[in-house]
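Contents: one structure, followed by commentary.
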Amino acid sequence: MMVTDEPKMDIDEVPMAVDGIEDISTETLAQYYQRLFPFSVFYQWLNYKAPAPTSLFTHREFSFTINDGIYLRYQSFKDGDELHREVQRLAPSKIDIGAVFTAQPRNAKSLQPGAFRPVAKELVFDVDMTDYDDVRTCCQGGSICKLCWRFMIVAMHVVDRALREDFGFEKIMWVYSGRRGVHCWVCDERARALDDAGRKAVAKYLSMVRGGAEQSRKVNLSQRQAAHPHVTRSMNIIEEYFEDILLVDQEILLTQERWTKILAALPDEELRKSLDAQWSKHPDRSSVEKWSEMIDAVDRRASKRGAKFGLASFERDMMLQLTYPRLDENVTTHLNHLLKSPFCVHPKTGRVCTPIASDCFDSFDPFQAPTLGQLLRELNSGSSDSTSLAEYVNTFSSFVDTLLPVQDAKPSQVPSLEF
């Protein structure tokens, strides 16, 4: 058990407000770090279960955001106790985790050029709901609801299966970002050792939706690409969710404004005009009905014109375009890229960035992730073990338990990384 020399604050002195950002202050964050943040397990995670501090921890960069935007980079610590004391002292509004370097990051300025460079870090992924703004109709920007959260469920299923089955990774932890997305930490030794080129190759392999806002068709797979095991597996997952998410929840064909975006991807002007006229006469038809009518019309036209016009693959490509995970590739491809730590408190929502168990993708509810104010109120009436955070700490501990010093599994036979 780690200890701190900092004096304890009486819980009754902590200012309380309604759940949300009103609860966040230096005082409430200090109380959270003192009583609730799982420093012991956190240290075990980043030290990879070694009995004494190793360079995996001592050469790791931490970054703190304090006092409404002051950004402290290249922080490093000799052990978990020192990290605990410094976090308790600073009460940062955010903690970011960076790479393991050739030397302790806090000594970076005193080193010769070239002597300080990143050598390892977990392979990480970031899926943000704002990248689905051209698809979701329920929310935009930083807002989310239970309807559009289902895009994150699909993303976790697709990426998790690919990482395990195509790359043979096993030590995979998913974390709610605290606001509108999810982060993935791949902790296998082989993943941590990847250089930028290797990380870029993995990110490219997992990226399928490409093109800006002006591009109507962002997935256009060849017959050979479509037969790739990753594509067929992803389609099996997407088919399970597509109708409920896109056609029922999001109603992507409900209005002319919405269906025009979908029809724009059809490589047949005559068919686009025909469907637009048909739906304009019967605009009250559901998106499920309109989608069925569109695919029937596409199939009839494809049987006459052949696959070379892109009609035969239209349904598959559009389902992928609308539902397939949209990764922030920059987060993945650079070894020295920082990523927000698990168990941070998100400054915009007050919610804790909680781990998501791999068997709980469908049941995880971001609106049930505890807020800072909620947790401090729970502390008033019980112990830290009885708060809403306890189940997430248990999830984290269970994951860290899998990091016992064992030989990483060998990679499975991976089909070509080229699509």
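Here, A, B, ... name the chains of the structure tokens in the order displayed, residue numbers run from 1 inside each chain, and ligands are numbered from 1 in the same displayed order.
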Looking only at strand (DSSP E or B) from DSSP on the backbone, list the matching residues of stretch 128-305 of chain A as a list in words. Asp128, Ile172, Met173, Trp174, Val175, Tyr176, Gly181, Val182, His183, Cys184, Trp185 and Val186 of chain A
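Closest approach to A:Glu240 among A:Ala302, A:Ala265, A:Val159, A:Ile153: A:Ile153, based on only C-alpha atoms.
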Going by DSSP on the backbone, which bits of stretch 236-371 of chain A are alpha helix (DSSP H)? Write them as a VMD selection string, please. chain A and resid 236 to 242 256 to 263 269 to 281 287 to 305 314 to 323 329 to 333
Within 12 Å of A:Thr371 using only C-alpha atoms, minus same-chain residues under 3 positions, as a PDB file with N, CA, C and O atoms, in the first residue's frame:
ATOM      1  N   MET A  16     -19.172  20.811  -2.551  1.00  0.00           N
ATOM      2  CA  MET A  16     -20.035  19.923  -3.315  1.00  0.00           C
ATOM      3  C   MET A  16     -20.961  20.743  -4.191  1.00  0.00           C
ATOM      4  O   MET A  16     -21.400  21.817  -3.829  1.00  0.00           O
ATOM      5  N   ALA A  17     -21.253  20.176  -5.373  1.00  0.00           N
ATOM      6  CA  ALA A  17     -22.192  20.816  -6.293  1.00  0.00           C
ATOM      7  C   ALA A  17     -22.884  19.711  -7.051  1.00  0.00           C
ATOM      8  O   ALA A  17     -22.707  18.537  -6.767  1.00  0.00           O
ATOM      9  N   VAL A  18     -23.703  20.078  -7.991  1.00  0.00           N
ATOM     10  CA  VAL A  18     -24.341  19.052  -8.815  1.00  0.00           C
ATOM     11  C   VAL A  18     -23.257  18.340  -9.610  1.00  0.00           C
ATOM     12  O   VAL A  18     -22.194  18.884  -9.878  1.00  0.00           O
ATOM     13  N   ASP A  19     -23.528  17.047  -9.994  1.00  0.00           N
ATOM     14  CA  ASP A  19     -22.541  16.299 -10.743  1.00  0.00           C
ATOM     15  C   ASP A  19     -22.184  17.036 -12.026  1.00  0.00           C
ATOM     16  O   ASP A  19     -23.039  17.572 -12.721  1.00  0.00           O
ATOM     17  N   GLY A  20     -20.919  17.013 -12.363  1.00  0.00           N
ATOM     18  CA  GLY A  20     -20.469  17.673 -13.575  1.00  0.00           C
ATOM     19  C   GLY A  20     -19.261  18.525 -13.300  1.00  0.00           C
ATOM     20  O   GLY A  20     -18.570  18.386 -12.307  1.00  0.00           O
ATOM     21  N   ILE A  21     -19.015  19.468 -14.203  1.00  0.00           N
ATOM     22  CA  ILE A  21     -17.792  20.240 -14.111  1.00  0.00           C
ATOM     23  C   ILE A  21     -17.795  21.193 -12.918  1.00  0.00           C
ATOM     24  O   ILE A  21     -16.741  21.655 -12.503  1.00  0.00           O
ATOM     25  N   GLU A  22     -18.990  21.490 -12.356  1.00  0.00           N
ATOM     26  CA  GLU A  22     -19.019  22.367 -11.191  1.00  0.00           C
ATOM     27  C   GLU A  22     -18.269  21.768 -10.011  1.00  0.00           C
ATOM     28  O   GLU A  22     -17.838  22.470  -9.103  1.00  0.00           O
ATOM     29  N   ASP A  23     -18.126  20.437  -9.995  1.00  0.00           N
ATOM     30  CA  ASP A  23     -17.465  19.771  -8.887  1.00  0.00           C
ATOM     31  C   ASP A  23     -15.951  19.842  -8.971  1.00  0.00           C
ATOM     32  O   ASP A  23     -15.274  19.513  -7.995  1.00  0.00           O
ATOM     33  N   ILE A  24     -15.401  20.217 -10.116  1.00  0.00           N
ATOM     34  CA  ILE A  24     -13.968  20.109 -10.317  1.00  0.00           C
ATOM     35  C   ILE A  24     -13.249  21.347  -9.808  1.00  0.00           C
ATOM     36  O   ILE A  24     -13.516  22.469 -10.242  1.00  0.00           O
ATOM     37  N   THR A  28     -11.119  19.416  -4.793  1.00  0.00           N
ATOM     38  CA  THR A  28     -11.823  18.145  -5.006  1.00  0.00           C
ATOM     39  C   THR A  28     -10.933  17.144  -5.738  1.00  0.00           C
ATOM     40  O   THR A  28     -10.986  15.942  -5.466  1.00  0.00           O
ATOM     41  N   LEU A  29     -10.107  17.625  -6.656  1.00  0.00           N
ATOM     42  CA  LEU A  29      -9.181  16.718  -7.335  1.00  0.00           C
ATOM     43  C   LEU A  29      -8.153  16.160  -6.361  1.00  0.00           C
ATOM     44  O   LEU A  29      -7.797  14.978  -6.419  1.00  0.00           O
ATOM     45  N   TYR A  32      -9.747  13.439  -4.533  1.00  0.00           N
ATOM     46  CA  TYR A  32      -9.879  12.257  -5.401  1.00  0.00           C
ATOM     47  C   TYR A  32      -8.559  11.499  -5.492  1.00  0.00           C
ATOM     48  O   TYR A  32      -8.524  10.265  -5.336  1.00  0.00           O
ATOM     49  N   GLY A 178     -14.117   9.493 -20.969  1.00  0.00           N
ATOM     50  CA  GLY A 178     -14.704  10.441 -20.030  1.00  0.00           C
ATOM     51  C   GLY A 178     -15.699  11.387 -20.654  1.00  0.00           C
ATOM     52  O   GLY A 178     -16.441  12.080 -19.949  1.00  0.00           O
ATOM     53  N   ARG A 179     -15.757  11.396 -22.000  1.00  0.00           N
ATOM     54  CA  ARG A 179     -16.703  12.300 -22.644  1.00  0.00           C
ATOM     55  C   ARG A 179     -17.373  11.657 -23.857  1.00  0.00           C
ATOM     56  O   ARG A 179     -18.530  11.311 -23.826  1.00  0.00           O
ATOM     57  N   PHE A 343      -8.507   6.663 -15.388  1.00  0.00           N
ATOM     58  CA  PHE A 343      -8.886   7.197 -14.079  1.00  0.00           C
ATOM     59  C   PHE A 343      -8.654   8.688 -13.928  1.00  0.00           C
ATOM     60  O   PHE A 343      -8.755   9.222 -12.816  1.00  0.00           O
ATOM     61  N   CYS A 344      -8.368   9.394 -15.036  1.00  0.00           N
ATOM     62  CA  CYS A 344      -8.446  10.854 -15.000  1.00  0.00           C
ATOM     63  C   CYS A 344      -9.907  11.270 -14.860  1.00  0.00           C
ATOM     64  O   CYS A 344     -10.827  10.510 -15.169  1.00  0.00           O
ATOM     65  N   VAL A 345     -10.115  12.504 -14.427  1.00  0.00           N
ATOM     66  CA  VAL A 345     -11.452  13.098 -14.402  1.00  0.00           C
ATOM     67  C   VAL A 345     -11.545  14.037 -15.597  1.00  0.00           C
ATOM     68  O   VAL A 345     -10.740  14.967 -15.729  1.00  0.00           O
ATOM     69  N   HIS A 346     -12.498  13.790 -16.479  1.00  0.00           N
ATOM     70  CA  HIS A 346     -12.593  14.633 -17.675  1.00  0.00           C
ATOM     71  C   HIS A 346     -13.068  16.037 -17.290  1.00  0.00           C
ATOM     72  O   HIS A 346     -14.112  16.191 -16.635  1.00  0.00           O
ATOM     73  N   PRO A 347     -12.328  17.078 -17.694  1.00  0.00           N
ATOM     74  CA  PRO A 347     -12.666  18.432 -17.245  1.00  0.00           C
ATOM     75  C   PRO A 347     -13.971  18.972 -17.811  1.00  0.00           C
ATOM     76  O   PRO A 347     -14.536  19.909 -17.259  1.00  0.00           O
ATOM     77  N   LYS A 348     -14.476  18.395 -18.898  1.00  0.00           N
ATOM     78  CA  LYS A 348     -15.709  18.891 -19.511  1.00  0.00           C
ATOM     79  C   LYS A 348     -16.958  18.213 -18.962  1.00  0.00           C
ATOM     80  O   LYS A 348     -18.068  18.739 -19.114  1.00  0.00           O
ATOM     81  N   THR A 349     -16.811  17.044 -18.379  1.00  0.00           N
ATOM     82  CA  THR A 349     -17.975  16.297 -17.898  1.00  0.00           C
ATOM     83  C   THR A 349     -17.903  15.950 -16.424  1.00  0.00           C
ATOM     84  O   THR A 349     -18.933  15.635 -15.809  1.00  0.00           O
ATOM     85  N   GLY A 350     -16.700  15.972 -15.851  1.00  0.00           N
ATOM     86  CA  GLY A 350     -16.534  15.524 -14.481  1.00  0.00           C
ATOM     87  C   GLY A 350     -16.531  14.019 -14.335  1.00  0.00           C
ATOM     88  O   GLY A 350     -16.428  13.497 -13.218  1.00  0.00           O
ATOM     89  N   ARG A 351     -16.626  13.281 -15.443  1.00  0.00           N
ATOM     90  CA  ARG A 351     -16.673  11.819 -15.379  1.00  0.00           C
ATOM     91  C   ARG A 351     -15.264  11.227 -15.373  1.00  0.00           C
ATOM     92  O   ARG A 351     -14.351  11.750 -16.006  1.00  0.00           O
ATOM     93  N   VAL A 352     -15.134  10.109 -14.689  1.00  0.00           N
ATOM     94  CA  VAL A 352     -13.857   9.413 -14.595  1.00  0.00           C
ATOM     95  C   VAL A 352     -13.664   8.544 -15.835  1.00  0.00           C
ATOM     96  O   VAL A 352     -14.606   7.924 -16.338  1.00  0.00           O
ATOM     97  N   CYS A 353     -12.433   8.517 -16.327  1.00  0.00           N
ATOM     98  CA  CYS A 353     -12.082   7.678 -17.486  1.00  0.00           C
ATOM     99  C   CYS A 353     -11.922   6.242 -17.007  1.00  0.00           C
ATOM    100  O   CYS A 353     -10.861   5.859 -16.506  1.00  0.00           O
ATOM    101  N   THR A 354     -12.957   5.471 -17.144  1.00  0.00           N
ATOM    102  CA  THR A 354     -13.018   4.144 -16.533  1.00  0.00           C
ATOM    103  C   THR A 354     -12.698   3.038 -17.533  1.00  0.00           C
ATOM    104  O   THR A 354     -13.083   3.116 -18.702  1.00  0.00           O
ATOM    105  N   PRO A 366     -21.807   4.875 -20.774  1.00  0.00           N
ATOM    106  CA  PRO A 366     -20.952   6.019 -20.410  1.00  0.00           C
ATOM    107  C   PRO A 366     -21.620   6.956 -19.412  1.00  0.00           C
ATOM    108  O   PRO A 366     -20.934   7.648 -18.655  1.00  0.00           O
ATOM    109  N   PHE A 367     -22.951   6.953 -19.390  1.00  0.00           N
ATOM    110  CA  PHE A 367     -23.655   7.848 -18.478  1.00  0.00           C
ATOM    111  C   PHE A 367     -23.711   7.298 -17.054  1.00  0.00           C
ATOM    112  O   PHE A 367     -24.154   7.989 -16.136  1.00  0.00           O
ATOM    113  N   GLN A 368     -23.250   6.058 -16.887  1.00  0.00           N
ATOM    114  CA  GLN A 368     -23.133   5.486 -15.555  1.00  0.00           C
ATOM    115  C   GLN A 368     -21.712   5.590 -15.010  1.00  0.00           C
ATOM    116  O   GLN A 368     -21.459   5.234 -13.854  1.00  0.00           O
ATOM    117  N   GLN A 374     -20.115  12.888  -7.525  1.00  0.00           N
ATOM    118  CA  GLN A 374     -20.803  11.685  -7.055  1.00  0.00           C
ATOM    119  C   GLN A 374     -19.904  10.853  -6.143  1.00  0.00           C
ATOM    120  O   GLN A 374     -20.320  10.399  -5.073  1.00  0.00           O
ATOM    121  N   LEU A 375     -18.651  10.675  -6.542  1.00  0.00           N
ATOM    122  CA  LEU A 375     -17.722   9.857  -5.761  1.00  0.00           C
ATOM    123  C   LEU A 375     -17.420  10.483  -4.397  1.00  0.00           C
ATOM    124  O   LEU A 375     -17.355   9.796  -3.380  1.00  0.00           O
ATOM    125  N   LEU A 376     -17.243  11.789  -4.382  1.00  0.00           N
ATOM    126  CA  LEU A 376     -16.938  12.448  -3.112  1.00  0.00           C
ATOM    127  C   LEU A 376     -18.135  12.398  -2.166  1.00  0.00           C
ATOM    128  O   LEU A 376     -17.974  12.272  -0.946  1.00  0.00           O
ATOM    129  N   ARG A 377     -19.333  12.474  -2.721  1.00  0.00           N
ATOM    130  CA  ARG A 377     -20.514  12.343  -1.877  1.00  0.00           C
ATOM    131  C   ARG A 377     -20.633  10.921  -1.326  1.00  0.00           C
ATOM    132  O   ARG A 377     -21.042  10.710  -0.185  1.00  0.00           O
ATOM    133  N   GLU A 378     -20.280   9.950  -2.156  1.00  0.00           N
ATOM    134  CA  GLU A 378     -20.314   8.564  -1.698  1.00  0.00           C
ATOM    135  C   GLU A 378     -19.290   8.332  -0.589  1.00  0.00           C
ATOM    136  O   GLU A 378     -19.537   7.548   0.336  1.00  0.00           O
ATOM    137  N   THR A 387     -17.608   2.937  -3.081  1.00  0.00           N
ATOM    138  CA  THR A 387     -18.029   3.930  -4.068  1.00  0.00           C
ATOM    139  C   THR A 387     -18.285   3.282  -5.428  1.00  0.00           C
ATOM    140  O   THR A 387     -17.940   2.120  -5.667  1.00  0.00           O
ATOM    141  N   SER A 388     -18.859   4.073  -6.319  1.00  0.00           N
ATOM    142  CA  SER A 388     -19.160   3.597  -7.664  1.00  0.00           C
ATOM    143  C   SER A 388     -17.905   3.323  -8.479  1.00  0.00           C
ATOM    144  O   SER A 388     -17.982   2.713  -9.554  1.00  0.00           O
ATOM    145  N   LEU A 389     -16.758   3.792  -7.997  1.00  0.00           N
ATOM    146  CA  LEU A 389     -15.505   3.568  -8.724  1.00  0.00           C
ATOM    147  C   LEU A 389     -14.959   2.157  -8.489  1.00  0.00           C
ATOM    148  O   LEU A 389     -14.163   1.663  -9.288  1.00  0.00           O
TER     149      LEU A 389
END
If you count only C-alpha atoms, the residue of A:Leu311, A:Ile237, A:Val248, A:Cys138 closest to A:Asp268 turns out to be A:Leu311
Near A:Met235, counting only C-alpha atoms, which residues have an atom at most 9 Å away, once you skip same-chain residues fewer than 5 positions from it, shown as a list of chain:residue names? A:His230, A:Glu240, A:Arg316, A:Met319, A:Leu320, A:Tyr324
Output all heavy atoms for every residue in that selection, as a PDB file, in the first residue's frame.
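Output saved as selection.pdb:
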ATOM      1  N   HIS A 230     -10.129  -9.833 -42.460  1.00  0.00           N
ATOM      2  CA  HIS A 230     -10.507  -8.729 -41.580  1.00  0.00           C
ATOM      3  C   HIS A 230     -11.786  -8.061 -42.059  1.00  0.00           C
ATOM      4  O   HIS A 230     -12.648  -7.674 -41.256  1.00  0.00           O
ATOM      5  CB  HIS A 230      -9.376  -7.703 -41.504  1.00  0.00           C
ATOM      6  CG  HIS A 230      -9.744  -6.455 -40.765  1.00  0.00           C
ATOM      7  ND1 HIS A 230     -10.226  -6.463 -39.468  1.00  0.00           N
ATOM      8  CD2 HIS A 230      -9.726  -5.141 -41.144  1.00  0.00           C
ATOM      9  CE1 HIS A 230     -10.474  -5.214 -39.085  1.00  0.00           C
ATOM     10  NE2 HIS A 230     -10.189  -4.406 -40.080  1.00  0.00           N
ATOM     11  N   GLU A 240     -24.687  -7.273 -37.685  1.00  0.00           N
ATOM     12  CA  GLU A 240     -25.459  -7.513 -36.470  1.00  0.00           C
ATOM     13  C   GLU A 240     -26.051  -6.217 -35.912  1.00  0.00           C
ATOM     14  O   GLU A 240     -27.113  -6.225 -35.271  1.00  0.00           O
ATOM     15  CB  GLU A 240     -24.553  -8.172 -35.424  1.00  0.00           C
ATOM     16  CG  GLU A 240     -25.238  -8.495 -34.117  1.00  0.00           C
ATOM     17  CD  GLU A 240     -24.297  -9.134 -33.104  1.00  0.00           C
ATOM     18  OE1 GLU A 240     -23.190  -9.561 -33.498  1.00  0.00           O
ATOM     19  OE2 GLU A 240     -24.671  -9.192 -31.920  1.00  0.00           O
ATOM     20  N   ARG A 316     -22.350  -3.371 -49.388  1.00  0.00           N
ATOM     21  CA  ARG A 316     -21.265  -3.695 -48.466  1.00  0.00           C
ATOM     22  C   ARG A 316     -20.416  -2.469 -48.152  1.00  0.00           C
ATOM     23  O   ARG A 316     -20.124  -2.164 -46.997  1.00  0.00           O
ATOM     24  CB  ARG A 316     -20.384  -4.790 -49.063  1.00  0.00           C
ATOM     25  CG  ARG A 316     -19.192  -5.190 -48.192  1.00  0.00           C
ATOM     26  CD  ARG A 316     -18.126  -5.860 -49.023  1.00  0.00           C
ATOM     27  NE  ARG A 316     -17.543  -4.941 -49.989  1.00  0.00           N
ATOM     28  CZ  ARG A 316     -17.264  -5.262 -51.253  1.00  0.00           C
ATOM     29  NH1 ARG A 316     -17.508  -6.467 -51.713  1.00  0.00           N
ATOM     30  NH2 ARG A 316     -16.750  -4.354 -52.065  1.00  0.00           N
ATOM     31  N   MET A 319     -22.284   0.057 -45.933  1.00  0.00           N
ATOM     32  CA  MET A 319     -22.405  -0.396 -44.549  1.00  0.00           C
ATOM     33  C   MET A 319     -21.091  -0.188 -43.805  1.00  0.00           C
ATOM     34  O   MET A 319     -21.084   0.230 -42.642  1.00  0.00           O
ATOM     35  CB  MET A 319     -22.832  -1.862 -44.517  1.00  0.00           C
ATOM     36  CG  MET A 319     -24.272  -2.087 -44.965  1.00  0.00           C
ATOM     37  SD  MET A 319     -24.731  -3.839 -45.047  1.00  0.00           S
ATOM     38  CE  MET A 319     -24.757  -4.275 -43.297  1.00  0.00           C
ATOM     39  N   LEU A 320     -19.977  -0.461 -44.475  1.00  0.00           N
ATOM     40  CA  LEU A 320     -18.674  -0.218 -43.867  1.00  0.00           C
ATOM     41  C   LEU A 320     -18.445   1.271 -43.668  1.00  0.00           C
ATOM     42  O   LEU A 320     -17.982   1.715 -42.608  1.00  0.00           O
ATOM     43  CB  LEU A 320     -17.569  -0.808 -44.752  1.00  0.00           C
ATOM     44  CG  LEU A 320     -17.452  -2.327 -44.764  1.00  0.00           C
ATOM     45  CD1 LEU A 320     -16.547  -2.780 -45.908  1.00  0.00           C
ATOM     46  CD2 LEU A 320     -16.899  -2.844 -43.432  1.00  0.00           C
ATOM     47  N   TYR A 324     -18.114   1.335 -39.829  1.00  0.00           N
ATOM     48  CA  TYR A 324     -16.775   0.858 -39.480  1.00  0.00           C
ATOM     49  C   TYR A 324     -16.048   1.871 -38.583  1.00  0.00           C
ATOM     50  O   TYR A 324     -16.245   3.084 -38.721  1.00  0.00           O
ATOM     51  CB  TYR A 324     -15.959   0.613 -40.769  1.00  0.00           C
ATOM     52  CG  TYR A 324     -14.620  -0.040 -40.524  1.00  0.00           C
ATOM     53  CD1 TYR A 324     -14.501  -1.414 -40.422  1.00  0.00           C
ATOM     54  CD2 TYR A 324     -13.470   0.741 -40.370  1.00  0.00           C
ATOM     55  CE1 TYR A 324     -13.270  -2.014 -40.177  1.00  0.00           C
ATOM     56  CE2 TYR A 324     -12.237   0.154 -40.117  1.00  0.00           C
ATOM     57  CZ  TYR A 324     -12.149  -1.224 -40.021  1.00  0.00           C
ATOM     58  OH  TYR A 324     -10.924  -1.800 -39.770  1.00  0.00           O
TER      59      TYR A 324
END
Go through A:Asp284, A:Glu270, A:Leu56, A:Arg89 and flag the residue nearest A:Thr255, using only C-alpha atoms for the distances.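 Closest residue, counting only C-alpha atoms: A:Asp284.
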Out of A:Thr54, A:His337, A:Thr137, A:Lys146, which residue has the shortest atom-to-atom distance to A:Ser363 when counting only C-alpha atoms?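 Nearest to A:Ser363: A:Lys146.
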Expressed in Å, the length from atom CA of A:Thr26 to atom CA of A:Thr58 is 26.4 Å
Atom CA of A:Phe151 to atom CA of A:Ile238, distance in Å rounded to a single decimal: 9.9 Å
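With only C-alpha atoms as the basis for measurement, A:Asp131 is the residue among A:Glu82, A:Asp166, A:Asp131, A:Glu391 that approaches A:Gln321 most closely.
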Which residue of A:Asp328, A:Asp276, A:Glu269, A:Asp133 approaches A:Arg301 most closely, using only C-alpha atoms: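 So, comparing all the options, the nearest one is A:Glu269.
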Please measure the separation of atom CA of A:Phe42 and atom CA of A:Thr395, giving the value in Å to one decimal.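 Result for atom CA of A:Phe42 versus atom CA of A:Thr395: 12.2 Å, one decimal.
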